[in-house]
Structures are given as structure tokens and as C-alpha cells.
>>> print(open('start_20.json').read())   # JSON, C-alpha atoms
[["chain", "number", "residue", "atom", "x", "y", "z"],
["A", 1, "MET", "CA", -29.04, -3.02, 1.44],
["A", 2, "ALA", "CA", -26.00, -1.23, 0.11],
["A", 3, "THR", "CA", -23.57, -3.07, -2.13],
["A", 4, "ALA", "CA", -19.96, -2.45, -3.02],
["A", 5, "THR", "CA", -19.19, -1.42, -6.59],
["A", 6, "LEU", "CA", -16.19, -2.87, -8.39],
["A", 7, "ASP", "CA", -14.41, -1.15, -11.23],
["A", 8, "LYS", "CA", -11.24, -3.21, -11.73],
["A", 9, "PRO", "CA", -11.58, -7.01, -12.00],
["A", 10, "ALA", "CA", -7.99, -7.61, -10.88],
["A", 11, "GLY", "CA", -6.06, -7.58, -7.62],
["A", 12, "ALA", "CA", -7.12, -8.44, -4.10],
["A", 13, "VAL", "CA", -10.11, -6.48, -2.83],
["A", 14, "THR", "CA", -11.22, -5.76, 0.73],
["A", 15, "VAL", "CA", -14.72, -4.75, 1.80],
["A", 16, "LEU", "CA", -15.58, -2.91, 5.00],
["A", 17, "VAL", "CA", -19.19, -3.25, 6.17],
["A", 18, "THR", "CA", -20.57, -1.17, 9.04],
["A", 19, "ARG", "CA", -23.89, -2.25, 10.53],
["A", 20, "ARG", "CA", -25.95, -0.61, 13.27],
["A", 21, "VAL", "CA", -27.47, -3.38, 15.36],
["A", 22, "LYS", "CA", -30.83, -3.06, 17.08],
["A", 23, "VAL", "CA", -30.77, -2.89, 20.86],
["A", 24, "GLY", "CA", -31.14, -6.35, 22.32],
["A", 25, "HIS", "CA", -30.31, -8.08, 19.04],
["A", 26, "GLU", "CA", -26.54, -8.24, 19.57],
["A", 27, "ALA", "CA", -26.27, -12.01, 20.16],
["A", 28, "ALA", "CA", -28.59, -12.89, 17.28],
["A", 29, "PHE", "CA", -26.74, -10.52, 14.96],
["A", 30, "GLU", "CA", -23.35, -11.95, 15.91],
["A", 31, "GLN", "CA", -24.58, -15.48, 15.22],
["A", 32, "ALA", "CA", -26.07, -14.48, 11.86],
["A", 33, "SER", "CA", -22.87, -12.61, 10.97],
["A", 34, "SER", "CA", -20.78, -15.66, 11.90],
["A", 35, "ASP", "CA", -22.99, -17.85, 9.71],
["A", 36, "MET", "CA", -22.54, -15.41, 6.81],
["A", 37, "THR", "CA", -18.75, -15.47, 7.19],
["A", 38, "ALA", "CA", -18.77, -19.28, 7.24],
["A", 39, "ALA", "CA", -20.84, -19.28, 4.05],
["A", 40, "ALA", "CA", -18.49, -16.80, 2.34],
["A", 41, "SER", "CA", -15.44, -18.88, 3.27],
["A", 42, "ALA", "CA", -16.65, -21.67, 0.98],
["A", 43, "PHE", "CA", -16.55, -19.42, -2.09],
["A", 44, "PRO", "CA", -13.56, -19.30, -4.48],
["A", 45, "GLY", "CA", -10.98, -16.63, -3.69],
["A", 46, "TYR", "CA", -12.08, -15.93, -0.11],
["A", 47, "LEU", "CA", -9.05, -14.71, 1.87],
["A", 48, "GLY", "CA", -10.57, -14.22, 5.31],
["A", 49, "GLY", "CA", -12.81, -12.01, 7.40],
["A", 50, "GLN", "CA", -13.19, -10.49, 10.83],
["A", 51, "LEU", "CA", -16.09, -9.18, 12.90],
["A", 52, "VAL", "CA", -15.03, -6.12, 14.91],
["A", 53, "HIS", "CA", -17.15, -5.47, 18.00],
["A", 54, "PRO", "CA", -17.92, -1.91, 19.15],
["A", 55, "ASP", "CA", -15.75, -2.24, 22.26],
["A", 56, "GLU", "CA", -12.78, -3.25, 20.08],
["A", 57, "GLU", "CA", -13.06, 0.07, 18.24],
["A", 58, "GLY", "CA", -13.25, 2.09, 21.40],
["A", 59, "SER", "CA", -16.39, 3.85, 20.13],
["A", 60, "GLY", "CA", -18.13, 4.39, 23.45],
["A", 61, "ASP", "CA", -20.62, 6.80, 21.89],
["A", 62, "GLU", "CA", -21.59, 4.22, 19.22],
["A", 63, "PRO", "CA", -22.13, 1.02, 21.23],
["A", 64, "TYR", "CA", -24.19, -0.73, 18.55],
["A", 65, "LEU", "CA", -21.97, -0.25, 15.49],
["A", 66, "TYR", "CA", -20.32, -3.44, 14.29],
["A", 67, "HIS", "CA", -17.75, -3.69, 11.50],
["A", 68, "VAL", "CA", -17.00, -6.60, 9.23],
["A", 69, "VAL", "CA", -13.82, -6.72, 7.17],
["A", 70, "PHE", "CA", -13.43, -9.43, 4.55],
["A", 71, "ALA", "CA", -11.35, -9.92, 1.43],
["A", 72, "PHE", "CA", -11.31, -11.84, -1.85],
["A", 73, "ASP", "CA", -8.31, -12.42, -4.07],
["A", 74, "ASN", "CA", -9.87, -10.54, -6.98],
["A", 75, "ALA", "CA", -12.95, -8.55, -7.95],
["A", 76, "GLU", "CA", -14.42, -11.35, -10.03],
["A", 77, "HIS", "CA", -14.53, -13.71, -7.06],
["A", 78, "LEU", "CA", -15.94, -10.97, -4.84],
["A", 79, "GLN", "CA", -18.67, -10.33, -7.39],
["A", 80, "GLY", "CA", -19.44, -14.07, -7.47],
["A", 81, "TRP", "CA", -20.08, -13.94, -3.73],
["A", 82, "GLN", "CA", -22.05, -10.69, -3.87],
["A", 83, "GLN", "CA", -24.38, -12.00, -6.58],
["A", 84, "SER", "CA", -24.89, -15.43, -5.04],
["A", 85, "PRO", "CA", -28.18, -16.69, -3.60],
["A", 86, "THR", "CA", -26.18, -17.80, -0.54],
["A", 87, "ARG", "CA", -25.29, -14.19, 0.26],
["A", 88, "SER", "CA", -28.89, -13.08, -0.31],
["A", 89, "LEU", "CA", -30.10, -15.63, 2.23],
["A", 90, "ALA", "CA", -27.41, -14.56, 4.71],
["A", 91, "LEU", "CA", -28.39, -10.89, 4.33],
["A", 92, "ALA", "CA", -32.03, -11.82, 4.87],
["A", 93, "ALA", "CA", -31.06, -13.53, 8.13],
["A", 94, "ILE", "CA", -29.14, -10.44, 9.28],
["A", 95, "ALA", "CA", -31.76, -7.88, 8.22],
["A", 96, "PRO", "CA", -34.15, -8.27, 11.21],
["A", 97, "HIS", "CA", -31.33, -7.45, 13.61],
["A", 98, "ILE", "CA", -29.98, -4.22, 12.09],
["A", 99, "GLU", "CA", -31.19, -0.67, 11.52],
["A", 100, "GLY", "CA", -28.92, 0.06, 8.59],
["A", 101, "GLN", "CA", -25.55, -0.56, 7.03],
["A", 102, "THR", "CA", -22.88, 0.98, 4.84],
["A", 103, "VAL", "CA", -20.49, -0.92, 2.58],
["A", 104, "ARG", "CA", -17.28, 0.31, 1.01],
["A", 105, "GLN", "CA", -14.50, -1.31, -0.90],
["A", 106, "VAL", "CA", -10.86, -0.55, -0.19],
["A", 107, "SER", "CA", -7.56, -2.01, -1.34],
["A", 108, "GLY", "CA", -4.38, -3.28, 0.24],
["A", 109, "LEU", "CA", -3.89, -2.12, 3.84],
["A", 110, "GLY", "CA", -6.18, 0.85, 3.37],
["A", 111, "HIS", "CA", -9.00, -0.44, 5.60],
["A", 112, "TRP", "CA", -6.72, -0.30, 8.64],
["A", 113, "PHE", "CA", -6.17, 3.42, 8.08],
["A", 114, "ALA", "CA", -9.82, 4.27, 7.40],
["A", 115, "ALA", "CA", -11.15, 7.02, 9.63],
["A", 116, "PRO", "CA", -12.80, 5.60, 12.77],
["A", 117, "VAL", "CA", -16.57, 5.50, 13.00],
["A", 118, "GLY", "CA", -18.02, 8.08, 15.35],
["A", 119, "PRO", "CA", -16.75, 11.67, 15.56],
["A", 120, "LYS", "CA", -15.49, 12.84, 12.21],
["A", 121, "GLN", "CA", -11.73, 12.79, 12.12],
["A", 122, "THR", "CA", -9.24, 13.74, 9.46],
["A", 123, "PRO", "CA", -7.50, 10.72, 7.93],
["A", 124, "PRO", "CA", -3.83, 10.52, 8.91],
["A", 125, "PRO", "CA", -1.37, 12.17, 6.52],
["A", 126, "ARG", "CA", 0.44, 9.93, 4.07],
["A", 127, "TRP", "CA", 3.74, 10.25, 5.90],
["A", 128, "LYS", "CA", 2.17, 8.77, 9.03],
["A", 129, "VAL", "CA", 0.63, 5.93, 7.05],
["A", 130, "ALA", "CA", 3.99, 5.31, 5.35],
["A", 131, "LEU", "CA", 5.85, 5.34, 8.67],
["A", 132, "VAL", "CA", 3.42, 2.92, 10.37],
["A", 133, "THR", "CA", 3.54, 0.64, 7.31],
["A", 134, "TRP", "CA", 7.34, 0.64, 7.40],
["A", 135, "LEU", "CA", 7.33, -0.04, 11.15],
["A", 136, "GLY", "CA", 5.32, -3.16, 10.40],
["A", 137, "ILE", "CA", 7.08, -4.32, 7.23],
["A", 138, "CYS", "CA", 10.69, -3.88, 8.36],
["A", 139, "PRO", "CA", 10.62, -6.28, 11.36],
["A", 140, "THR", "CA", 8.29, -8.64, 9.51],
["A", 141, "VAL", "CA", 10.72, -9.00, 6.61],
["A", 142, "TYR", "CA", 13.64, -9.33, 9.03],
["A", 143, "VAL", "CA", 11.97, -12.16, 10.96],
["A", 144, "LEU", "CA", 10.94, -13.93, 7.76],
["A", 145, "PHE", "CA", 14.50, -13.83, 6.46],
["A", 146, "LEU", "CA", 15.78, -15.20, 9.77],
["A", 147, "LEU", "CA", 13.24, -18.03, 9.74],
["A", 148, "LEU", "CA", 13.10, -18.86, 6.03],
["A", 149, "GLY", "CA", 16.40, -17.51, 4.67],
["A", 150, "PRO", "CA", 18.35, -20.78, 4.90],
["A", 151, "GLN", "CA", 15.47, -22.82, 3.43],
["A", 152, "LEU", "CA", 14.93, -20.38, 0.54],
["A", 153, "ALA", "CA", 18.63, -19.76, -0.18],
["A", 154, "PRO", "CA", 18.89, -22.47, -2.88],
["A", 155, "TRP", "CA", 15.84, -21.07, -4.68],
["A", 156, "PRO", "CA", 16.10, -18.70, -7.66],
["A", 157, "LEU", "CA", 15.65, -15.03, -6.78],
["A", 158, "LEU", "CA", 12.16, -14.54, -8.22],
["A", 159, "PRO", "CA", 10.46, -17.41, -6.32],
["A", 160, "ARG", "CA", 12.15, -16.20, -3.10],
["A", 161, "VAL", "CA", 10.78, -12.71, -3.64],
["A", 162, "VAL", "CA", 7.30, -14.07, -4.42],
["A", 163, "VAL", "CA", 7.17, -16.16, -1.24],
["A", 164, "ILE", "CA", 8.55, -13.46, 1.06],
["A", 165, "THR", "CA", 6.33, -10.67, -0.29],
["A", 166, "ALA", "CA", 3.22, -12.88, -0.19],
["A", 167, "LEU", "CA", 3.90, -13.73, 3.45],
["A", 168, "VAL", "CA", 4.58, -10.07, 4.28],
["A", 169, "VAL", "CA", 1.24, -9.00, 2.78],
["A", 170, "LEU", "CA", -0.69, -11.69, 4.65],
["A", 171, "ILE", "CA", 1.03, -11.04, 7.98],
["A", 172, "MET", "CA", 0.71, -7.26, 7.64],
["A", 173, "THR", "CA", -2.94, -7.35, 6.63],
["A", 174, "TRP", "CA", -4.23, -9.81, 9.21],
["A", 175, "LEU", "CA", -1.82, -9.45, 12.13],
["A", 176, "VAL", "CA", 0.71, -6.62, 12.24],
["A", 177, "ALA", "CA", -1.18, -3.70, 10.66],
["A", 178, "PRO", "CA", -4.32, -3.97, 12.83],
["A", 179, "GLN", "CA", -2.22, -4.19, 16.00],
["A", 180, "LEU", "CA", -0.03, -1.24, 15.01],
["A", 181, "THR", "CA", -2.96, 0.99, 14.07],
["A", 182, "LYS", "CA", -4.73, 0.10, 17.31],
["A", 183, "LEU", "CA", -1.59, 0.82, 19.35],
["A", 184, "LEU", "CA", -0.84, 4.08, 17.53],
["A", 185, "LYS", "CA", -4.46, 5.23, 17.19],
["A", 186, "PRO", "CA", -3.99, 8.34, 19.44],
["A", 187, "TRP", "CA", -1.08, 9.43, 17.23],
["A", 188, "LEU", "CA", -2.79, 8.60, 13.93],
["A", 189, "TYR", "CA", -6.06, 10.26, 14.97],
["A", 190, "PRO", "CA", -5.23, 12.92, 17.56],
["A", 191, "VAL", "CA", -8.20, 14.41, 19.38],
["A", 192, "THR", "CA", -8.98, 17.89, 18.11],
["A", 193, "ARG", "CA", -10.96, 20.69, 19.71],
["A", 194, "ASN", "CA", -13.85, 20.06, 17.31],
["A", 195, "ASN", "CA", -14.03, 16.44, 18.41],
["A", 196, "THR", "CA", -14.01, 17.28, 22.13],
["A", 197, "GLN", "CA", -16.80, 19.87, 21.91],
["A", 198, "ARG", "CA", -19.51, 17.46, 20.75],
["A", 199, "THR", "CA", -22.76, 17.59, 22.71]]
>>> encode(input="start_20.json", output="C-alpha cells")
Amino acid sequence: MATATLDKPAGAVTVLVTRRVKVGHEAAFEQASSDMTAAASAFPGYLGGQLVHPDEEGSGDEPYLYHVVFAFDNAEHLQGWQQSPTRSLALAAIAPHIEGQTVRQVSGLGHWFAAPVGPKQTPPPRWKVALVTWLGICPTVYVLFLLLGPQLAPWPLLPRVVVITALVVLIMTWLVAPQLTKLLKPWLYPVTRNNTQRT
């Protein structure tokens, strides 16, 4: 099994796991994957996780590729999970149902802008990533100020900034960014001639 390598023991870390499931093992794999997520959630620093089904990715030519995205608040806590006997047992339960897997570590919102699995596509340029990020952050901040502004007004500036930015990161990572990238996928990853001439 592949494992993610960690270089900096600071800052939130996100791991993207792609697994190819054996034909006919989909239900058993999903159950084992759910059990693994439940086990990980009990570990210190766990921020959340999501199992992405093939049909959610729109990868019609890769109907058995599943993706798991999960995050820990720092590399040390992630390493604690990765080196735990609990994870080893969970991987052993998943192993009979898959043909292989790849694991990579990303940071921040980067996993939402990772190139889709399937036909090779060029990652979107930075200006597109910046624009989509702004499209998500701007209304999110505006709504948070409308909802929380009066309650936070008596607070000192620094605690207000800490609360608002923490909420923005959580909302962007788990709600707004995935919806925006899914909605704007044709624009972020336009179909090229090379992609349409696959046999």
C-alpha cells in the first residue's frame, strides 16, 4: 500500500486517496471505507473526510475508481493515524476489495483543483484557481459578516479575524469549494482535442 510522506509537521494537511475497486466488490468496499473513516474520526486532530463515488466525479470511463479525501489539523496528528494499528487493520479490511491505490498529500484547497482522474488534463492556470477561490470567499465572508457581525462587534479585532477566517476556511473546504469546482468543471478543465481522440 502506498503511504503519504510528510515533510512539514505544521499546518493542516489533506490526503487524497484513489482506489480502484474490484468488480462486484463495490458494496463491501464502501462499508470497509466507511468503517475506516469512523475509526479515523476518533483520532486527535481529525477534521473530516469524504468518500467520492465514481459517478460523482463524472468519470464514465473509470467506473470503479473511488476517491477519499480526509484532513488532519497538522502533520503530527496525521502521522499518528498513519502509523496506528487501527489504520493497519482498516487497510487490511479494504485490501481484498481493491486492485490498487494511490495516495497523495495536498494542502489548503488544493485537492479541489487537482486534475480529474481519467484522461490526462492540464491543471487550471493560477488565475482561474484564484478567481474561483475569490468567487467562493467573497460571498462567504459577506454572509458571515451579516450573520455574525453584530455578535462579534464588541470583540477585539484579532479574535474577530480569527473566528471569521476559521469559519471561511471550513466552509470553503467542505462546502463552497467542492460545489464551485464541480459547477465550473467544464471551464476549469476544458475538453481538448487530445482528450477527445482517445480510443
>>> closest_residue(input="start_20.json", among="A:Asn74, A:Gln151, A:Gln31, A:Thr37", to="Arg87 in chain A", atoms="all atoms listed in the file")
A:Thr37
>>> closest_residue(input="start_20.json", among="A:Ala71, A:Ala12, A:Ala38, A:Leu51", to="Ala90 in chain A", atoms="all atoms listed in the file")
A:Ala38
>>> closest_residue(input="start_20.json", among="A:Leu167, A:Ala177, A:Met172, A:Ala32", to="Ala92 in chain A", atoms="all atoms listed in the file")
A:Ala32
>>> residues_around(input="start_20.json", residues="Val169 in chain A", least_positions_apart="4", cutoff="12 Å", atoms="only C-alpha atoms", output="PyMOL selection string")
chain A and resi 12+47+107-109+133+136-137+140-141+144+162-165+173-177
>>> closest_residue(input="start_20.json", among="A:Gln101, A:Ser34, A:Ser41, A:Thr14", to="Asp73 in chain A", atoms="all atoms listed in the file")
A:Thr14
>>> closest_residue(input="start_20.json", among="A:Leu89, A:Leu158, A:Val52, A:Val17", to="Asp35 in chain A", atoms="only C-alpha atoms")
A:Leu89
>>> closest_residue(input="start_20.json", among="A:Val23, A:Ile171, A:Ala28, A:Val129", to="Leu65 in chain A", atoms="only C-alpha atoms")
A:Val23
>>> residues_around(input="start_20.json", residues="Ser88 in chain A", least_positions_apart="5", cutoff="12 Å", atoms="all atoms listed in the file", output="short mmCIF file (atom, residue, chain, number, x, y, z; two decimals) with C-alpha atoms, in the frame of the given file")
data_model
loop_
_atom_site.label_atom_id
_atom_site.label_comp_id
_atom_site.auth_asym_id
_atom_site.auth_seq_id
_atom_site.Cartn_x
_atom_site.Cartn_y
_atom_site.Cartn_z
CA MET A 1 -29.04 -3.02 1.44
CA THR A 3 -23.57 -3.07 -2.13
CA MET A 36 -22.54 -15.41 6.81
CA ALA A 39 -20.84 -19.28 4.05
CA ALA A 40 -18.49 -16.80 2.34
CA GLY A 80 -19.44 -14.07 -7.47
CA TRP A 81 -20.08 -13.94 -3.73
CA GLN A 82 -22.05 -10.69 -3.87
CA GLN A 83 -24.38 -12.00 -6.58
CA ALA A 93 -31.06 -13.53 8.13
CA ILE A 94 -29.14 -10.44 9.28
CA ALA A 95 -31.76 -7.88 8.22
#
>>> atom_distance(input="start_20.json", atom1="CA of Phe43 in chain A", atom2="CA of Glu76 in chain A")
11.5 Å
>>> atom_distance(input="start_20.json", atom1="CA of Trp127 in chain A", atom2="CA of Gln179 in chain A")
18.6 Å
>>> atom_distance(input="start_20.json", atom1="CA of Ala75 in chain A", atom2="CA of Pro159 in chain A")
25.1 Å
>>> residues_around(input="start_20.json", residues="Leu131 in chain A", least_positions_apart="4", cutoff="12 Å", atoms="all atoms listed in the file", output="NGL selection string")
:A and (124-127 or 135-138 or 177 or 180-181 or 184 or 187-188)
